[in-house]
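Asker: File follows, target.txt with compact mmCIF, N, CA and C atoms:
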# COMPACT_ATOMS: atom_id res chain seq x y z
N TYR A 17 11.21 9.63 10.31
CA TYR A 17 10.47 10.01 9.12
C TYR A 17 9.86 11.38 9.33
N ASN A 18 9.49 12.01 8.24
CA ASN A 18 8.84 13.32 8.27
C ASN A 18 7.52 13.24 7.53
N GLU A 19 6.57 14.04 7.97
CA GLU A 19 5.33 14.22 7.23
C GLU A 19 5.26 15.68 6.83
N GLU A 20 5.11 15.91 5.54
CA GLU A 20 5.09 17.27 5.00
C GLU A 20 3.74 17.53 4.35
N GLU A 21 3.23 18.72 4.56
CA GLU A 21 1.98 19.12 3.91
C GLU A 21 2.28 19.46 2.45
N VAL A 22 1.50 18.87 1.56
CA VAL A 22 1.64 19.14 0.14
C VAL A 22 0.26 19.53 -0.36
N GLY A 23 0.12 20.77 -0.76
CA GLY A 23 -1.20 21.23 -1.17
C GLY A 23 -2.09 21.42 0.05
N GLU A 24 -3.39 21.50 -0.19
CA GLU A 24 -4.33 21.76 0.89
C GLU A 24 -4.70 20.52 1.70
N ASN A 25 -4.88 19.39 1.03
CA ASN A 25 -5.40 18.20 1.71
C ASN A 25 -4.51 16.98 1.54
N ASP A 26 -3.21 17.19 1.36
CA ASP A 26 -2.34 16.06 1.09
C ASP A 26 -1.12 16.11 2.00
N THR A 27 -0.67 14.94 2.41
CA THR A 27 0.52 14.82 3.25
C THR A 27 1.51 13.89 2.57
N ARG A 28 2.76 14.29 2.56
CA ARG A 28 3.84 13.48 1.98
C ARG A 28 4.66 12.92 3.12
N THR A 29 4.75 11.60 3.20
CA THR A 29 5.55 10.93 4.22
C THR A 29 6.90 10.57 3.61
N VAL A 30 7.98 10.98 4.29
CA VAL A 30 9.32 10.75 3.77
C VAL A 30 10.17 10.09 4.84
N LEU A 31 10.74 8.95 4.50
CA LEU A 31 11.69 8.27 5.37
C LEU A 31 13.07 8.72 4.92
N LYS A 32 13.69 9.61 5.69
CA LYS A 32 14.94 10.26 5.27
C LYS A 32 16.17 9.49 5.72
N PHE A 33 16.31 8.28 5.19
CA PHE A 33 17.54 7.53 5.40
C PHE A 33 18.70 8.25 4.74
N HIS A 34 19.88 8.18 5.35
CA HIS A 34 21.08 8.60 4.64
C HIS A 34 21.21 7.67 3.44
N PRO A 35 21.60 8.17 2.27
CA PRO A 35 21.68 7.30 1.09
C PRO A 35 22.50 6.03 1.30
N ALA A 36 23.53 6.08 2.13
CA ALA A 36 24.34 4.89 2.38
C ALA A 36 23.55 3.81 3.14
N LEU A 37 22.53 4.21 3.89
CA LEU A 37 21.74 3.28 4.68
C LEU A 37 20.43 2.85 4.02
N ALA A 38 20.05 3.54 2.97
CA ALA A 38 18.77 3.24 2.30
C ALA A 38 18.81 1.84 1.68
N PRO A 39 17.75 1.06 1.88
CA PRO A 39 17.73 -0.30 1.30
C PRO A 39 17.85 -0.28 -0.22
N PHE A 40 17.14 0.61 -0.88
CA PHE A 40 17.27 0.81 -2.32
C PHE A 40 17.97 2.13 -2.55
N LYS A 41 18.96 2.14 -3.42
CA LYS A 41 19.68 3.38 -3.73
C LYS A 41 18.90 4.22 -4.74
N ALA A 42 18.13 3.55 -5.60
CA ALA A 42 17.35 4.25 -6.61
C ALA A 42 16.19 3.36 -7.03
N ALA A 43 15.20 3.99 -7.66
CA ALA A 43 14.08 3.26 -8.25
C ALA A 43 13.95 3.69 -9.70
N ILE A 44 13.74 2.72 -10.56
CA ILE A 44 13.53 2.99 -11.98
C ILE A 44 12.03 3.01 -12.21
N LEU A 45 11.54 4.13 -12.77
CA LEU A 45 10.11 4.33 -12.96
C LEU A 45 9.83 4.70 -14.42
N PRO A 46 9.34 3.77 -15.23
CA PRO A 46 8.94 4.16 -16.59
C PRO A 46 7.70 5.04 -16.52
N LEU A 47 7.69 6.10 -17.31
CA LEU A 47 6.55 7.02 -17.29
C LEU A 47 5.27 6.33 -17.78
N SER A 48 5.43 5.37 -18.68
CA SER A 48 4.30 4.63 -19.23
C SER A 48 4.70 3.16 -19.35
N LYS A 49 3.71 2.28 -19.29
CA LYS A 49 4.02 0.85 -19.46
C LYS A 49 4.58 0.57 -20.86
N LYS A 50 4.30 1.45 -21.82
CA LYS A 50 4.86 1.30 -23.17
C LYS A 50 6.38 1.41 -23.16
N LEU A 51 6.93 2.04 -22.12
CA LEU A 51 8.37 2.26 -22.02
C LEU A 51 9.05 1.24 -21.11
N SER A 52 8.31 0.27 -20.64
CA SER A 52 8.85 -0.67 -19.65
C SER A 52 10.05 -1.47 -20.14
N ASP A 53 10.03 -1.92 -21.39
CA ASP A 53 11.14 -2.74 -21.87
C ASP A 53 12.48 -2.02 -21.78
N LYS A 54 12.52 -0.78 -22.25
CA LYS A 54 13.77 -0.01 -22.19
C LYS A 54 14.12 0.34 -20.75
N ALA A 55 13.11 0.63 -19.92
CA ALA A 55 13.37 0.95 -18.52
C ALA A 55 13.93 -0.27 -17.78
N VAL A 56 13.50 -1.46 -18.16
CA VAL A 56 14.04 -2.68 -17.56
C VAL A 56 15.53 -2.81 -17.90
N GLU A 57 15.92 -2.40 -19.09
CA GLU A 57 17.34 -2.42 -19.46
C GLU A 57 18.15 -1.52 -18.54
N VAL A 58 17.64 -0.34 -18.25
CA VAL A 58 18.31 0.57 -17.31
C VAL A 58 18.39 -0.08 -15.93
N TYR A 59 17.27 -0.67 -15.51
CA TYR A 59 17.23 -1.37 -14.22
C TYR A 59 18.30 -2.45 -14.16
N GLN A 60 18.40 -3.27 -15.18
CA GLN A 60 19.36 -4.37 -15.19
C GLN A 60 20.80 -3.87 -15.13
N GLN A 61 21.08 -2.77 -15.83
CA GLN A 61 22.43 -2.20 -15.78
C GLN A 61 22.78 -1.74 -14.37
N LEU A 62 21.85 -1.06 -13.71
CA LEU A 62 22.11 -0.56 -12.36
C LEU A 62 22.10 -1.68 -11.33
N ALA A 63 21.24 -2.67 -11.52
CA ALA A 63 21.12 -3.77 -10.55
C ALA A 63 22.40 -4.61 -10.48
N ALA A 64 23.24 -4.52 -11.49
CA ALA A 64 24.51 -5.24 -11.46
C ALA A 64 25.42 -4.73 -10.35
N ASP A 65 25.27 -3.44 -9.98
CA ASP A 65 26.16 -2.83 -8.98
C ASP A 65 25.45 -2.23 -7.78
N PHE A 66 24.14 -2.01 -7.88
CA PHE A 66 23.42 -1.32 -6.82
C PHE A 66 22.11 -2.04 -6.51
N MET A 67 21.61 -1.83 -5.31
CA MET A 67 20.29 -2.32 -4.95
C MET A 67 19.28 -1.30 -5.47
N VAL A 68 18.52 -1.67 -6.50
CA VAL A 68 17.55 -0.76 -7.11
C VAL A 68 16.19 -1.43 -7.17
N ASP A 69 15.16 -0.61 -7.28
CA ASP A 69 13.78 -1.08 -7.36
C ASP A 69 13.23 -0.71 -8.74
N PHE A 70 12.22 -1.43 -9.18
CA PHE A 70 11.53 -1.14 -10.43
C PHE A 70 10.05 -1.07 -10.13
N ASP A 71 9.39 0.01 -10.54
CA ASP A 71 7.96 0.17 -10.24
C ASP A 71 7.27 0.80 -11.44
N GLU A 72 6.26 0.10 -11.96
CA GLU A 72 5.48 0.62 -13.08
C GLU A 72 3.99 0.67 -12.78
N THR A 73 3.63 0.50 -11.51
CA THR A 73 2.22 0.41 -11.11
C THR A 73 1.70 1.74 -10.60
N GLY A 74 0.61 2.22 -11.18
CA GLY A 74 0.00 3.47 -10.72
C GLY A 74 0.58 4.69 -11.40
N SER A 75 0.10 5.84 -10.99
CA SER A 75 0.57 7.10 -11.58
C SER A 75 2.00 7.39 -11.12
N ILE A 76 2.69 8.22 -11.86
CA ILE A 76 4.08 8.55 -11.51
C ILE A 76 4.14 9.24 -10.14
N GLY A 77 3.15 10.06 -9.82
CA GLY A 77 3.12 10.72 -8.51
C GLY A 77 3.00 9.73 -7.37
N LYS A 78 2.15 8.73 -7.54
CA LYS A 78 1.99 7.71 -6.50
C LYS A 78 3.25 6.87 -6.37
N ARG A 79 3.92 6.62 -7.47
CA ARG A 79 5.17 5.85 -7.41
C ARG A 79 6.26 6.65 -6.69
N TYR A 80 6.33 7.95 -6.96
CA TYR A 80 7.28 8.80 -6.22
C TYR A 80 6.98 8.73 -4.73
N ARG A 81 5.71 8.83 -4.37
CA ARG A 81 5.32 8.81 -2.95
C ARG A 81 5.70 7.49 -2.28
N ARG A 82 5.47 6.37 -2.97
CA ARG A 82 5.84 5.07 -2.41
C ARG A 82 7.34 5.00 -2.15
N GLN A 83 8.11 5.50 -3.08
CA GLN A 83 9.57 5.47 -2.91
C GLN A 83 10.00 6.41 -1.78
N ASP A 84 9.36 7.57 -1.66
CA ASP A 84 9.65 8.48 -0.55
C ASP A 84 9.40 7.80 0.79
N GLU A 85 8.32 7.05 0.87
CA GLU A 85 7.93 6.39 2.13
C GLU A 85 8.89 5.29 2.55
N ILE A 86 9.56 4.65 1.59
CA ILE A 86 10.50 3.59 1.96
C ILE A 86 11.95 4.07 1.99
N GLY A 87 12.15 5.38 1.74
CA GLY A 87 13.47 5.96 1.91
C GLY A 87 14.39 5.91 0.72
N THR A 88 13.88 5.62 -0.47
CA THR A 88 14.72 5.57 -1.67
C THR A 88 15.19 6.98 -2.01
N PRO A 89 16.52 7.23 -2.02
CA PRO A 89 17.00 8.60 -2.21
C PRO A 89 16.80 9.17 -3.62
N PHE A 90 16.79 8.31 -4.64
CA PHE A 90 16.68 8.81 -6.02
C PHE A 90 15.68 7.99 -6.82
N CYS A 91 14.87 8.70 -7.60
CA CYS A 91 13.97 8.05 -8.56
C CYS A 91 14.45 8.41 -9.95
N ILE A 92 14.60 7.41 -10.78
CA ILE A 92 15.06 7.60 -12.15
C ILE A 92 13.88 7.33 -13.06
N THR A 93 13.41 8.38 -13.73
CA THR A 93 12.23 8.26 -14.59
C THR A 93 12.66 8.11 -16.04
N TYR A 94 12.19 7.06 -16.66
CA TYR A 94 12.42 6.82 -18.08
C TYR A 94 11.17 7.29 -18.81
N ASP A 95 11.32 8.34 -19.63
CA ASP A 95 10.15 8.94 -20.28
C ASP A 95 10.26 8.85 -21.80
N PHE A 96 9.32 9.46 -22.49
CA PHE A 96 9.30 9.38 -23.95
C PHE A 96 10.50 10.07 -24.58
N GLU A 97 11.02 11.11 -23.96
CA GLU A 97 12.23 11.76 -24.47
C GLU A 97 13.44 10.85 -24.32
N SER A 98 13.43 9.99 -23.32
CA SER A 98 14.53 9.05 -23.11
C SER A 98 14.70 8.15 -24.33
N GLU A 99 13.60 7.84 -24.99
CA GLU A 99 13.65 7.02 -26.19
C GLU A 99 14.50 7.68 -27.27
N ASN A 100 14.43 9.01 -27.35
CA ASN A 100 15.13 9.74 -28.41
C ASN A 100 16.55 10.15 -28.04
N ASP A 101 16.72 10.62 -26.80
CA ASP A 101 18.03 11.18 -26.44
C ASP A 101 18.85 10.32 -25.49
N GLY A 102 18.29 9.21 -25.02
CA GLY A 102 19.04 8.32 -24.12
C GLY A 102 19.25 8.88 -22.72
N MET A 103 18.57 9.97 -22.39
CA MET A 103 18.70 10.60 -21.08
C MET A 103 17.50 10.22 -20.21
N VAL A 104 17.72 10.23 -18.90
CA VAL A 104 16.65 9.96 -17.94
C VAL A 104 16.52 11.17 -17.02
N THR A 105 15.44 11.22 -16.26
CA THR A 105 15.23 12.27 -15.27
C THR A 105 15.48 11.68 -13.89
N VAL A 106 16.32 12.36 -13.11
CA VAL A 106 16.63 11.90 -11.76
C VAL A 106 15.97 12.84 -10.77
N ARG A 107 15.17 12.29 -9.86
CA ARG A 107 14.46 13.08 -8.84
C ARG A 107 15.07 12.78 -7.48
N ASP A 108 15.41 13.83 -6.76
CA ASP A 108 15.96 13.72 -5.41
C ASP A 108 14.82 13.64 -4.40
N ARG A 109 14.87 12.65 -3.51
CA ARG A 109 13.81 12.43 -2.51
C ARG A 109 13.62 13.63 -1.59
N ASP A 110 14.71 14.20 -1.10
CA ASP A 110 14.62 15.23 -0.07
C ASP A 110 14.19 16.59 -0.61
N THR A 111 14.65 16.95 -1.80
CA THR A 111 14.32 18.26 -2.36
C THR A 111 13.21 18.19 -3.40
N MET A 112 12.92 17.00 -3.90
CA MET A 112 11.97 16.76 -4.99
C MET A 112 12.40 17.44 -6.28
N GLU A 113 13.65 17.89 -6.35
CA GLU A 113 14.16 18.52 -7.57
C GLU A 113 14.49 17.46 -8.60
N GLN A 114 14.29 17.84 -9.86
CA GLN A 114 14.59 16.93 -10.96
C GLN A 114 15.63 17.55 -11.86
Output the file's structure as structure tokens, nothing else.
Answerer:
Amino acid sequence: YNEEEVGENDTRTVLKFHPALAPFKAAILPLSKKLSDKAVEVYQQLAADFMVDFDETGSIGKRYRRQDEIGTPFCITYDFESENDGMVTVRDRDTMEQ
């Protein structure tokens, strides 16, 4: 695992499993609990073929951090725009790019 400094007083812990070895391949994170029903649909579609996690507890930043700590390579965020365009945001664990 790695510990990275983020900001002045924050540390990000990342378990950098190779994606093939990661227990969860992705995590589905609704931006708001109001979006949970549709996000669960995405979760169910992916869970048919992949080991995925679903997390709606706490702020989106804390959820990203929890997934980083357990080695989940991708976080899939279902947000308010997803309701309109059917698209999701995918965040890479190692680069934090979306």
Asker: Nearest to Asp84 in chain A among A:Ala55, A:Arg109, A:Phe33, A:Ala64, with distances taken over only C-alpha atoms: which residue is it?
Answerer: A:Arg109
Asker: Fewer than 5 positions away in the same chain doesn't count, so skip those; otherwise give me all residues within 7 Å of range 50-53 of chain A, counting all atoms listed in the file, as an MDAnalysis selection string.
Answerer: chainID A and resid 58 94:95
Asker: Let's see if you can do this: from backbone DSSP, list all strand (DSSP E or B) residues in chain A, as an MDAnalysis selection string.
Answerer: chainID A and resid 18:22 26:30 42:46 68:70 90:94 105:108
Asker: Produce a file of the selected residues containing N, CA and C atoms, as a tab-separated table (two decimals), in the frame of the given file.
Answerer:
chain	number	residue	atom	x	y	z
A	18	ASN	N	9.49	12.01	8.24
A	18	ASN	CA	8.84	13.32	8.27
A	18	ASN	C	7.52	13.24	7.53
A	19	GLU	N	6.57	14.04	7.97
A	19	GLU	CA	5.33	14.22	7.23
A	19	GLU	C	5.26	15.68	6.83
A	20	GLU	N	5.11	15.91	5.54
A	20	GLU	CA	5.09	17.27	5.00
A	20	GLU	C	3.74	17.53	4.35
A	21	GLU	N	3.23	18.72	4.56
A	21	GLU	CA	1.98	19.12	3.91
A	21	GLU	C	2.28	19.46	2.45
A	22	VAL	N	1.50	18.87	1.56
A	22	VAL	CA	1.64	19.14	0.14
A	22	VAL	C	0.26	19.53	-0.36
A	26	ASP	N	-3.21	17.19	1.36
A	26	ASP	CA	-2.34	16.06	1.09
A	26	ASP	C	-1.12	16.11	2.00
A	27	THR	N	-0.67	14.94	2.41
A	27	THR	CA	0.52	14.82	3.25
A	27	THR	C	1.51	13.89	2.57
A	28	ARG	N	2.76	14.29	2.56
A	28	ARG	CA	3.84	13.48	1.98
A	28	ARG	C	4.66	12.92	3.12
A	29	THR	N	4.75	11.60	3.20
A	29	THR	CA	5.55	10.93	4.22
A	29	THR	C	6.90	10.57	3.61
A	30	VAL	N	7.98	10.98	4.29
A	30	VAL	CA	9.32	10.75	3.77
A	30	VAL	C	10.17	10.09	4.84
A	42	ALA	N	18.13	3.55	-5.60
A	42	ALA	CA	17.35	4.25	-6.61
A	42	ALA	C	16.19	3.36	-7.03
A	43	ALA	N	15.20	3.99	-7.66
A	43	ALA	CA	14.08	3.26	-8.25
A	43	ALA	C	13.95	3.69	-9.70
A	44	ILE	N	13.74	2.72	-10.56
A	44	ILE	CA	13.53	2.99	-11.98
A	44	ILE	C	12.03	3.01	-12.21
A	45	LEU	N	11.54	4.13	-12.77
A	45	LEU	CA	10.11	4.33	-12.96
A	45	LEU	C	9.83	4.70	-14.42
A	46	PRO	N	9.34	3.77	-15.23
A	46	PRO	CA	8.94	4.16	-16.59
A	46	PRO	C	7.70	5.04	-16.52
A	68	VAL	N	18.52	-1.67	-6.50
A	68	VAL	CA	17.55	-0.76	-7.11
A	68	VAL	C	16.19	-1.43	-7.17
A	69	ASP	N	15.16	-0.61	-7.28
A	69	ASP	CA	13.78	-1.08	-7.36
A	69	ASP	C	13.23	-0.71	-8.74
A	70	PHE	N	12.22	-1.43	-9.18
A	70	PHE	CA	11.53	-1.14	-10.43
A	70	PHE	C	10.05	-1.07	-10.13
A	90	PHE	N	16.79	8.31	-4.64
A	90	PHE	CA	16.68	8.81	-6.02
A	90	PHE	C	15.68	7.99	-6.82
A	91	CYS	N	14.87	8.70	-7.60
A	91	CYS	CA	13.97	8.05	-8.56
A	91	CYS	C	14.45	8.41	-9.95
A	92	ILE	N	14.60	7.41	-10.78
A	92	ILE	CA	15.06	7.60	-12.15
A	92	ILE	C	13.88	7.33	-13.06
A	93	THR	N	13.41	8.38	-13.73
A	93	THR	CA	12.23	8.26	-14.59
A	93	THR	C	12.66	8.11	-16.04
A	94	TYR	N	12.19	7.06	-16.66
A	94	TYR	CA	12.42	6.82	-18.08
A	94	TYR	C	11.17	7.29	-18.81
A	105	THR	N	15.44	11.22	-16.26
A	105	THR	CA	15.23	12.27	-15.27
A	105	THR	C	15.48	11.68	-13.89
A	106	VAL	N	16.32	12.36	-13.11
A	106	VAL	CA	16.63	11.90	-11.76
A	106	VAL	C	15.97	12.84	-10.77
A	107	ARG	N	15.17	12.29	-9.86
A	107	ARG	CA	14.46	13.08	-8.84
A	107	ARG	C	15.07	12.78	-7.48
A	108	ASP	N	15.41	13.83	-6.76
A	108	ASP	CA	15.96	13.72	-5.41
A	108	ASP	C	14.82	13.64	-4.40
Asker: Taking only N, CA and C atoms into account, name the residue in A:Ile86, A:Gly77, A:Ile92, A:Met67 that is nearest to Ile44 in chain A.
Answerer: A:Ile92
Asker: One decimal, Å: what's the distance from CA of Pro46 in chain A over to CA of Thr88 in chain A, could you say?
Answerer: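 CA of Thr88 in chain A lies 16.1 Å from CA of Pro46 in chain A.
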Asker: List the spatial neighbours of Leu47 in chain A as a PyMOL selection string - criterion: any atom at most 12 Å away, only C-alpha atoms, same-chain residues fewer than 4 positions off excluded.
Answerer: chain A and resi 51-55+70-80+91-99+104-105
Asker: Pull out range 62-90 of chain A, keep N, CA and C atoms, and write it as a compact mmCIF listing (two decimals), in the first residue's frame.
Answerer:
# COMPACT_ATOMS: atom_id res chain seq x y z
N LEU A 62 -23.94 -4.81 -13.31
CA LEU A 62 -22.52 -5.16 -13.23
C LEU A 62 -22.29 -6.38 -12.35
N ALA A 63 -23.08 -6.53 -11.29
CA ALA A 63 -22.90 -7.65 -10.36
C ALA A 63 -23.18 -9.00 -11.02
N ALA A 64 -23.89 -8.99 -12.14
CA ALA A 64 -24.15 -10.23 -12.86
C ALA A 64 -22.86 -10.84 -13.40
N ASP A 65 -21.86 -9.99 -13.69
CA ASP A 65 -20.61 -10.47 -14.30
C ASP A 65 -19.35 -10.14 -13.52
N PHE A 66 -19.43 -9.20 -12.58
CA PHE A 66 -18.24 -8.74 -11.87
C PHE A 66 -18.51 -8.66 -10.37
N MET A 67 -17.45 -8.72 -9.60
CA MET A 67 -17.55 -8.48 -8.16
C MET A 67 -17.51 -6.97 -7.97
N VAL A 68 -18.63 -6.37 -7.58
CA VAL A 68 -18.72 -4.93 -7.40
C VAL A 68 -19.28 -4.61 -6.02
N ASP A 69 -19.00 -3.40 -5.56
CA ASP A 69 -19.46 -2.93 -4.26
C ASP A 69 -20.44 -1.78 -4.49
N PHE A 70 -21.31 -1.54 -3.52
CA PHE A 70 -22.24 -0.43 -3.56
C PHE A 70 -22.10 0.33 -2.25
N ASP A 71 -21.91 1.64 -2.32
CA ASP A 71 -21.70 2.44 -1.11
C ASP A 71 -22.41 3.77 -1.26
N GLU A 72 -23.32 4.06 -0.33
CA GLU A 72 -24.03 5.33 -0.34
C GLU A 72 -23.89 6.08 0.98
N THR A 73 -22.97 5.63 1.83
CA THR A 73 -22.82 6.19 3.17
C THR A 73 -21.71 7.23 3.23
N GLY A 74 -22.02 8.42 3.70
CA GLY A 74 -21.02 9.47 3.85
C GLY A 74 -20.85 10.30 2.59
N SER A 75 -19.91 11.22 2.65
CA SER A 75 -19.65 12.10 1.51
C SER A 75 -18.98 11.31 0.39
N ILE A 76 -19.06 11.83 -0.82
CA ILE A 76 -18.45 11.14 -1.96
C ILE A 76 -16.94 11.02 -1.78
N GLY A 77 -16.31 12.03 -1.21
CA GLY A 77 -14.87 11.98 -0.97
C GLY A 77 -14.49 10.86 -0.01
N LYS A 78 -15.26 10.70 1.05
CA LYS A 78 -14.98 9.63 2.01
C LYS A 78 -15.22 8.27 1.39
N ARG A 79 -16.21 8.16 0.52
CA ARG A 79 -16.46 6.89 -0.16
C ARG A 79 -15.32 6.55 -1.11
N TYR A 80 -14.82 7.55 -1.83
CA TYR A 80 -13.65 7.32 -2.69
C TYR A 80 -12.48 6.81 -1.85
N ARG A 81 -12.25 7.44 -0.72
CA ARG A 81 -11.13 7.06 0.15
C ARG A 81 -11.27 5.62 0.65
N ARG A 82 -12.48 5.25 1.06
CA ARG A 82 -12.71 3.87 1.53
C ARG A 82 -12.39 2.87 0.42
N GLN A 83 -12.80 3.18 -0.78
CA GLN A 83 -12.55 2.26 -1.89
C GLN A 83 -11.05 2.22 -2.23
N ASP A 84 -10.37 3.36 -2.14
CA ASP A 84 -8.92 3.39 -2.35
C ASP A 84 -8.22 2.49 -1.34
N GLU A 85 -8.67 2.53 -0.10
CA GLU A 85 -8.03 1.75 0.97
C GLU A 85 -8.20 0.25 0.81
N ILE A 86 -9.28 -0.19 0.17
CA ILE A 86 -9.48 -1.63 -0.01
C ILE A 86 -9.05 -2.11 -1.39
N GLY A 87 -8.52 -1.18 -2.21
CA GLY A 87 -7.92 -1.58 -3.48
C GLY A 87 -8.85 -1.64 -4.67
N THR A 88 -10.04 -1.06 -4.57
CA THR A 88 -10.98 -1.07 -5.70
C THR A 88 -10.43 -0.19 -6.82
N PRO A 89 -10.17 -0.76 -8.02
CA PRO A 89 -9.52 0.03 -9.07
C PRO A 89 -10.39 1.14 -9.68
N PHE A 90 -11.72 0.96 -9.70
CA PHE A 90 -12.59 1.95 -10.34
C PHE A 90 -13.80 2.26 -9.48
